[in-house]
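Q: Let me give you the structure first, and then I'll get to my questions.
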Amino acid sequence: MRLQDVIDNAVTEVGRVLLGKEPQIRLALCCLFARGHLLIEDLPGMGKTTLSHALADVLGLSYKRVQFTSDLLPADILGVSVYNRNDASFSFHPGPIFTHVLLADEINRTTPRTQSALLEAMAEGQVTVEGETRQLPEPFFVIATQNPIHQSGTYPLPESQLDRFLMRLELGYPHPQAEREMLLRQPGVSSQGLGLQQCIDLEQLQIIRTAVTAVHASDNLLDYLQRLVAYSRQASEFAVGLSPRGALALLGCARTWAVMDSRSHVVPEDLQVIMPAVAAHRLVPNGDYAGDGQALVALLQRNVDVIKP
Amino acid sequence: MNSQQQIPRNALVWMIISLFTLAAPHVSRLPLWVLAVYGVAALWRSMVYRGLWSFPGRLAKLALILCACAGIYASYGSMQGLEPTVALLLTAFALKLIELARRKDAYVLLFLGYFICISEFLFSQELLIVLYSVLNITLITTALVALHQPAQHRFNGGSLRLAAVMLTQAFPLMLVLFFLFPRIGPLWSVPIKRHTAKTGVSDAMQPGDISHLSQSDEVAFRVKFQGEIPPRSKLYWRGLVFSRLTDGAWRRLKNHEMASNERWPTPITIDDEPLRYSVIINPTQQHWLYSLRYAESEQAGIKATTDYLLYSSVALEEQYRYRAHSWPDAALEPKLSDWRRRTELQLPKASNPRTRQLARDMRAASASDGAFVAAVLAMFTRQPFVYTLQPPRLGSDPMDRFLFQTRRGFCEHYAYAFAVMMRAADVPARVVAGYQGGEINPVNRTVIVHQFDAHAWVEVWLSGRGWVRVDPTAAVSPQRIELGLEQAVATEGSFLADSPLSPLRYRSISWLNSVRLRYDALTYQWQNWVMGFNSDQQYRVLQELLGQLDTSKFILILLGSGTLVLLPVAGSLLARNRIRTLSPLDQAYLTFCDRLSRLGVMRSPGEGPAAFAERAAQALPQWAPLLQRLTEIYCDLTYADADLSVTRRAQLKQEFKLGLRRLKRARQAH
């Protein structure tokens, strides 16, 4: 079976529960293949949990979910050592973070302290509890969801922490046709109950990740990327441009996208497709600019031509 | 309020600074309360910026406007005329600052600022004022620049630097426009109405008038001679001739007082080479011009009078430049008409009886008119007459009191007494008023004539010689004529006693004096080349440089030189955004895009090649395979270059070229 078909299967499979959201599903998979973590920002009830659950299913990965609340403590995620009276010693009870796919639901409801415990684990791939470092399973993939920041009772993630997420997605309302299909479903059959097949095993995931590293990015493409980055740092609409980490993230995702498109080289369209998801949350508009990160990405793509001027 | 609309702090600070610098040169003409309005406005607006106070309400604004109008009316007694209008403008300018909320308000304020900057020229066009206006323009432009730099939240000099660079770039264009742009006559006239109306010598002379004028250190006019400058004792600048003595004052003859056949001057023909000079006279609001004895001028607008003076047909409301030439030794009116003789002998009956008696006695003792003149001058020299800037007041029969009691007087007293004595003894005589001497500026060889050089002397008609100049002051105080007023009254210490700061008082400090003279030379150049550059001179200069002018040639030159000075600016802009050389492949791809655009499919900015090809293929299905193949080749060559061998690359490039040609043919067929 070709790699391409494997990926297409996975997309179709997830698409069975999350109707009419193929581009978002592809981007989420891309994020996972690129060893990044995903932030989904949308209103409640848009299918954030469904998407994360389905992703874990099709990859055959273990899945845990933590609902973040304002009184959640780091130990509630990482785990805690408990004194065992029988053998008179402490034994570690691992927290929900020890899993392949972790759904951190409504991450901006919890305090910064807990947020940073999670973000540290995301960055390092390991957790240190009571002086002992424990490896997290591989692959480790966090899907965090957050409500739009202007809702009350939230601790918005600062820019520096948003940067830890490789992609930020918005699911958006479904297409009327897809919504109708969903409404026509047998009542009582939940999306979890559809029983998704595993499409990608760990070995295939490893093959995909290896393929990504082999993708060629030509000088011309790197030029284009650098011009994009430079424009975001110079133009007056941007208060904060793309960091070197942002540039690396763009290239990594573009490479992965090329693999998903069964190409061995990156083309500008790869960059353009993944850019709204990868760059929008890293860009901060100037105080005078009316648009948000998405508008800035559009501006960037409009003003920097693919062909070297 | 939208953040786009707000006025950045930087711009606000620059605006307040320029507000004050704009008002500064007007201070002496403004009532004090207007300055208070400026302070309050600046305070109010900065308090609004800090969020402590709020913008004025509608009623408050109305009240402020009414108060301002009432205040102007109360201060000037009128709303008309130049000064109240300018004061009203300046007050409105300050009030506008208080309600400065949006960007559009700031535009109004700043553009008004440029206008106010120009309004200063209604009062003075001195070099220093012009330099100061350059500063003002820079500050306003800085505020305008700062208004467009929303990111500059702090007050800083960056905007000033940018504004200075922009103005420097505009400078050559300004020069071109100044020298070449046609001088269009004024579309409307500004009423000049001043509190201190007329300056300089007035058209009637009473004892005390000229000594009063001598308190002023203002420059009356500057003269540039074409050849050698005559010695200062010969520099008698004739301005007015007083032939009538009525009510104790000497007056000039009005036109209607002259006999009808005497109204036109009889030209004198002389073969000698005349003294040629040009004069730049500061505004006097009067008609008469100053010239050396027997002057002619060919300049339009200058008339000659029967008493050999030059006369401007319009009052000198602004600085005026004229050229004249004089024959100092010409004999004036060797034959005196009866009417003229009667006029120049007229004396009010029953005034100054002792003086008249003395004159008649002295004439009887003299052999001739000439000897009589010498005798009277000798009397001034011999008797203890004093030349002073502080003469005592004289009552009725002033000359009796002067000659027999006080014996202290300024030039007008001596001229007055001398002329009365001449007329009493039947010798035609008249008083001439003007300036005597002047300061020679060694820097540019001009003669600077100040108001304190004002002088009065006498012309006596002697048969066979015509009008002869006699200066009784020279008999009393020879220093006045040889060295000037300052030396003449040195012992008295009254020179410019009322203006202790006048730089003319410090002529003994050599460096200060040299600075003053250099500045004066600069002023002369300024007046000559910039302010005097009217349409006549413009035409003359252009004709000298370029030969005969016609309209099309003129427009061509104007446009051409404008382009020429803007080229460097355009060049530097181009160099900044220089189009870097494209690789041949990119070039070819752009040709491809160009061909497609002619077929109606345009690549949008930033669109990737593959996405574009897809779109183009949909729009032009008949060419879809070709388009996609060409794009594929381009993308492979550009983005998948690692996998390609050199020969394969060459093949692909060749294929691309052929494909382009096919596309071209297709377009032609299309």
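In the structure tokens, chains take the letters A, B, ... in the order shown, each chain's residues start at 1, and ligands count up from 1 in the order shown.
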From the DSSP assignment of the backbone, select every residue of segment 324-551 of chain B that is helix (DSSP H, G or I), and format the answer as a PyMOL selection string.
A: chain B and resi 338-345+353-365+369-382+398-406+411-424+451-453+472-476+478-482+485-488+503-506+510-531+535-546+551
Q: Please identify all polymer residues within 8 Å of Ala433 of chain B, counting only C-alpha atoms, omitting same-chain residues fewer than 3 positions from it, and present them as a PyMOL selection string.
A: chain B and resi 201+238-242+454-457
Q: If we count only C-alpha atoms, what is near segment 72-87 of chain A at a cut-off of 9 Å, once residues fewer than 4 positions away on the same chain are taken out, given as a PyMOL selection string?
A: chain A and resi 66-68+91-98+110-111+113-118+121+127-130
Q: Could you pull the residues within 9 Å of segment 341-355 of chain B, counting only C-alpha atoms, minus those fewer than 4 positions along the same chain, as an MDAnalysis selection string?
A: chainID B and resid 243:248 336:337 359:360 396:401 403:404 417 420:430
Q: So that I have them on file, write out the residues from the current selection with C-alpha atoms, as a PDB file, in the first residue's frame.
A:
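File written: again21.pdb
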ATOM      1  CA  SER B 243       8.737 126.005  -0.368  1.00  0.00           C
ATOM      2  CA  ARG B 244       5.830 127.206   1.757  1.00  0.00           C
ATOM      3  CA  LEU B 245       6.055 128.441   5.301  1.00  0.00           C
ATOM      4  CA  THR B 246       2.655 128.501   6.999  1.00  0.00           C
ATOM      5  CA  ASP B 247       1.651 128.217  10.630  1.00  0.00           C
ATOM      6  CA  GLY B 248       5.223 127.806  11.737  1.00  0.00           C
ATOM      7  CA  LEU B 336      13.740 131.847 -12.167  1.00  0.00           C
ATOM      8  CA  SER B 337      10.206 132.485 -13.313  1.00  0.00           C
ATOM      9  CA  ALA B 359      18.312 139.874   7.934  1.00  0.00           C
ATOM     10  CA  ARG B 360      17.506 143.179   6.306  1.00  0.00           C
ATOM     11  CA  SER B 396       5.469 131.725  18.852  1.00  0.00           C
ATOM     12  CA  ASP B 397       7.948 133.588  16.667  1.00  0.00           C
ATOM     13  CA  PRO B 398      10.185 130.547  17.001  1.00  0.00           C
ATOM     14  CA  MET B 399      13.109 131.966  15.056  1.00  0.00           C
ATOM     15  CA  ASP B 400      13.296 135.076  17.192  1.00  0.00           C
ATOM     16  CA  ARG B 401      13.502 132.877  20.242  1.00  0.00           C
ATOM     17  CA  LEU B 403      18.361 133.174  17.215  1.00  0.00           C
ATOM     18  CA  PHE B 404      18.324 135.571  20.125  1.00  0.00           C
ATOM     19  CA  ALA B 417      16.269 130.176  10.488  1.00  0.00           C
ATOM     20  CA  VAL B 420      13.651 132.754   6.864  1.00  0.00           C
ATOM     21  CA  MET B 421      16.564 135.147   6.931  1.00  0.00           C
ATOM     22  CA  MET B 422      17.213 134.677   3.206  1.00  0.00           C
ATOM     23  CA  ARG B 423      13.592 135.257   2.294  1.00  0.00           C
ATOM     24  CA  ALA B 424      13.373 138.280   4.587  1.00  0.00           C
ATOM     25  CA  ALA B 425      16.276 139.788   2.632  1.00  0.00           C
ATOM     26  CA  ASP B 426      14.641 139.037  -0.746  1.00  0.00           C
ATOM     27  CA  VAL B 427      16.899 136.116  -1.600  1.00  0.00           C
ATOM     28  CA  PRO B 428      14.829 133.144  -2.877  1.00  0.00           C
ATOM     29  CA  ALA B 429      15.425 130.223  -0.565  1.00  0.00           C
ATOM     30  CA  ARG B 430      13.779 126.938   0.415  1.00  0.00           C
TER      31      ARG B 430
END
Q: Counting only C-alpha atoms, a student should be able to say which residues of chain A come within 6 Å of chain B; what is the right answer, written as a list in words?
A: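 So the residues of chain A near chain B are Ser218, His265, Pro268, Glu269, Asp288, Gln301, Arg302, Val304, Asp305 and Val306 of chain A.
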Q: So which residues touch Pro391 of chain B within 9 Å, counting only C-alpha atoms, skipping near sequence neighbours fewer than 5 positions away, as a list of chain:residue names?
A: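 So, after excluding close chain neighbours, the residues are B:Pro207, B:Gly208, B:Ser211, B:Thr406, B:Arg407, B:Arg408, B:Gly409, B:Phe410, B:His413.
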Q: Suppose we keep C-alpha atoms; can you now write the selection as a PDB file, in the first residue's frame?
A:
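What follows is the written file part_27.pdb:
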ATOM      1  CA  PRO B 207      11.259 122.379  14.642  1.00  0.00           C
ATOM      2  CA  GLY B 208      11.771 119.075  16.486  1.00  0.00           C
ATOM      3  CA  SER B 211      15.600 115.455  15.822  1.00  0.00           C
ATOM      4  CA  THR B 406      18.148 129.677  23.115  1.00  0.00           C
ATOM      5  CA  ARG B 407      20.716 129.270  20.348  1.00  0.00           C
ATOM      6  CA  ARG B 408      20.454 125.511  20.714  1.00  0.00           C
ATOM      7  CA  GLY B 409      19.059 123.585  17.805  1.00  0.00           C
ATOM      8  CA  PHE B 410      19.165 120.634  15.460  1.00  0.00           C
ATOM      9  CA  HIS B 413      16.313 124.874  13.362  1.00  0.00           C
TER      10      HIS B 413
END
Q: Counting only C-alpha atoms, which residue out of B:Asn10, B:Tyr634, B:Ile98, B:Met602 sits closest to His148 of chain B?
A: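 Of B:Asn10, B:Tyr634, B:Ile98, B:Met602, the one nearest His148 of chain B, counting only C-alpha atoms, is B:Asn10.
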Q: Could you list, as a PDB file with N, CA and C atoms, in the first residue's frame, every residue within 8 Å of segment 141-158 of chain A, counting only C-alpha atoms and ignoring same-chain residues fewer than 4 positions away?
A:
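Okay, this is what ended up in selection_18.pdb:
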ATOM      1  N   LEU A  32       0.699  16.263  13.337  1.00  0.00           N
ATOM      2  CA  LEU A  32       1.115  15.079  14.068  1.00  0.00           C
ATOM      3  C   LEU A  32       2.358  14.452  13.434  1.00  0.00           C
ATOM      4  N   ARG A  35       5.666  16.045  14.166  1.00  0.00           N
ATOM      5  CA  ARG A  35       6.057  15.982  15.584  1.00  0.00           C
ATOM      6  C   ARG A  35       5.697  17.249  16.337  1.00  0.00           C
ATOM      7  N   GLY A  36       4.594  17.873  15.935  1.00  0.00           N
ATOM      8  CA  GLY A  36       4.191  19.085  16.636  1.00  0.00           C
ATOM      9  C   GLY A  36       2.965  18.829  17.484  1.00  0.00           C
ATOM     10  N   HIS A  37       2.553  19.836  18.177  1.00  0.00           N
ATOM     11  CA  HIS A  37       1.331  19.747  18.970  1.00  0.00           C
ATOM     12  C   HIS A  37       0.316  20.715  18.395  1.00  0.00           C
ATOM     13  N   LEU A  38      -0.935  20.386  18.653  1.00  0.00           N
ATOM     14  CA  LEU A  38      -1.995  21.096  17.945  1.00  0.00           C
ATOM     15  C   LEU A  38      -2.863  21.872  18.928  1.00  0.00           C
ATOM     16  N   LEU A  39      -3.181  23.076  18.558  1.00  0.00           N
ATOM     17  CA  LEU A  39      -4.112  23.885  19.361  1.00  0.00           C
ATOM     18  C   LEU A  39      -5.346  24.124  18.505  1.00  0.00           C
ATOM     19  N   ILE A  40      -6.487  23.757  19.051  1.00  0.00           N
ATOM     20  CA  ILE A  40      -7.723  24.010  18.305  1.00  0.00           C
ATOM     21  C   ILE A  40      -8.489  25.091  19.051  1.00  0.00           C
ATOM     22  N   GLU A  41      -8.769  26.132  18.352  1.00  0.00           N
ATOM     23  CA  GLU A  41      -9.438  27.244  19.013  1.00  0.00           C
ATOM     24  C   GLU A  41     -10.806  27.402  18.370  1.00  0.00           C
ATOM     25  N   ASP A  42     -11.824  27.117  19.125  1.00  0.00           N
ATOM     26  CA  ASP A  42     -13.165  27.340  18.589  1.00  0.00           C
ATOM     27  C   ASP A  42     -14.180  27.338  19.707  1.00  0.00           C
ATOM     28  N   LEU A  43     -15.385  27.642  19.318  1.00  0.00           N
ATOM     29  CA  LEU A  43     -16.470  27.673  20.301  1.00  0.00           C
ATOM     30  C   LEU A  43     -16.805  26.238  20.726  1.00  0.00           C
ATOM     31  N   PRO A  44     -17.471  26.089  21.863  1.00  0.00           N
ATOM     32  CA  PRO A  44     -17.844  24.749  22.300  1.00  0.00           C
ATOM     33  C   PRO A  44     -18.784  24.105  21.288  1.00  0.00           C
ATOM     34  N   LYS A  48     -14.236  19.622  18.413  1.00  0.00           N
ATOM     35  CA  LYS A  48     -12.823  19.566  18.789  1.00  0.00           C
ATOM     36  C   LYS A  48     -12.484  18.208  19.387  1.00  0.00           C
ATOM     37  N   SER A  52     -10.047  15.009  17.962  1.00  0.00           N
ATOM     38  CA  SER A  52      -8.885  14.451  18.643  1.00  0.00           C
ATOM     39  C   SER A  52      -9.079  12.962  18.912  1.00  0.00           C
ATOM     40  N   HIS A 100      -0.275   8.431  24.450  1.00  0.00           N
ATOM     41  CA  HIS A 100       0.169   8.888  23.124  1.00  0.00           C
ATOM     42  C   HIS A 100      -0.530  10.176  22.732  1.00  0.00           C
ATOM     43  N   VAL A 101      -1.842  10.141  22.833  1.00  0.00           N
ATOM     44  CA  VAL A 101      -2.588  11.339  22.448  1.00  0.00           C
ATOM     45  C   VAL A 101      -3.274  11.882  23.687  1.00  0.00           C
ATOM     46  N   LEU A 102      -2.968  13.133  24.009  1.00  0.00           N
ATOM     47  CA  LEU A 102      -3.595  13.761  25.174  1.00  0.00           C
ATOM     48  C   LEU A 102      -4.475  14.898  24.698  1.00  0.00           C
ATOM     49  N   LEU A 103      -5.715  14.822  25.077  1.00  0.00           N
ATOM     50  CA  LEU A 103      -6.593  15.946  24.758  1.00  0.00           C
ATOM     51  C   LEU A 103      -6.666  16.851  25.987  1.00  0.00           C
ATOM     52  N   ALA A 104      -6.082  18.048  25.851  1.00  0.00           N
ATOM     53  CA  ALA A 104      -6.136  19.015  26.956  1.00  0.00           C
ATOM     54  C   ALA A 104      -7.291  19.956  26.647  1.00  0.00           C
ATOM     55  N   ASP A 105      -8.423  19.640  27.232  1.00  0.00           N
ATOM     56  CA  ASP A 105      -9.631  20.362  26.855  1.00  0.00           C
ATOM     57  C   ASP A 105      -9.704  21.690  27.591  1.00  0.00           C
ATOM     58  N   GLU A 106      -9.971  22.719  26.870  1.00  0.00           N
ATOM     59  CA  GLU A 106     -10.119  24.075  27.415  1.00  0.00           C
ATOM     60  C   GLU A 106      -8.917  24.467  28.255  1.00  0.00           C
ATOM     61  N   ILE A 107      -7.783  24.451  27.619  1.00  0.00           N
ATOM     62  CA  ILE A 107      -6.513  24.690  28.314  1.00  0.00           C
ATOM     63  C   ILE A 107      -6.464  26.087  28.931  1.00  0.00           C
ATOM     64  N   ASN A 108      -7.211  27.016  28.350  1.00  0.00           N
ATOM     65  CA  ASN A 108      -7.134  28.374  28.896  1.00  0.00           C
ATOM     66  C   ASN A 108      -8.069  28.585  30.079  1.00  0.00           C
ATOM     67  N   ARG A 109      -8.702  27.484  30.561  1.00  0.00           N
ATOM     68  CA  ARG A 109      -9.495  27.644  31.787  1.00  0.00           C
ATOM     69  C   ARG A 109      -8.634  27.464  33.022  1.00  0.00           C
ATOM     70  N   THR A 110      -7.474  26.859  32.870  1.00  0.00           N
ATOM     71  CA  THR A 110      -6.665  26.561  34.051  1.00  0.00           C
ATOM     72  C   THR A 110      -5.633  27.661  34.277  1.00  0.00           C
ATOM     73  N   THR A 111      -4.986  27.578  35.428  1.00  0.00           N
ATOM     74  CA  THR A 111      -4.042  28.625  35.806  1.00  0.00           C
ATOM     75  C   THR A 111      -2.747  28.477  35.011  1.00  0.00           C
ATOM     76  N   PRO A 112      -2.013  29.556  34.888  1.00  0.00           N
ATOM     77  CA  PRO A 112      -0.753  29.501  34.151  1.00  0.00           C
ATOM     78  C   PRO A 112       0.188  28.440  34.705  1.00  0.00           C
ATOM     79  N   MET A 122       5.374  19.070  26.858  1.00  0.00           N
ATOM     80  CA  MET A 122       5.248  19.066  25.402  1.00  0.00           C
ATOM     81  C   MET A 122       6.583  19.346  24.737  1.00  0.00           C
ATOM     82  N   LEU A 162       2.017  30.166  23.045  1.00  0.00           N
ATOM     83  CA  LEU A 162       1.339  29.816  21.793  1.00  0.00           C
ATOM     84  C   LEU A 162       2.350  29.258  20.799  1.00  0.00           C
TER      85      LEU A 162
END
Q: Step one, run DSSP on the backbone; step two, keep only residues of segment 54-264 of chain A assigned to strand (DSSP E); then write them as a PyMOL selection string.
A: chain A and resi 63-67+79-84+89-94+101-105+126-129+132-135+141-146+167-169+238-240
Q: Just want the 10 Å neighbourhood of segment 192-209 of chain A, counted on only C-alpha atoms, with same-chain residues fewer than 2 positions away dropped. Output as a ChimeraX atom specification.
A: /A:3-14,16-17,32-35,50,53-61,138-139,188-190,211-214,256,259-260
Q: Measure the distance from atom CA of Arg252 of chain B to atom CA of Leu358 of chain B in Å and round it to one decimal.
A: 26.2 Å
Q: Taking only C-alpha atoms into account, name the residue in B:Ser291, B:Gln479, B:Gln405, B:Thr381 that is nearest to Gly434 of chain B.
A: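 Closest to Gly434 of chain B, using only C-alpha atoms: B:Ser291.
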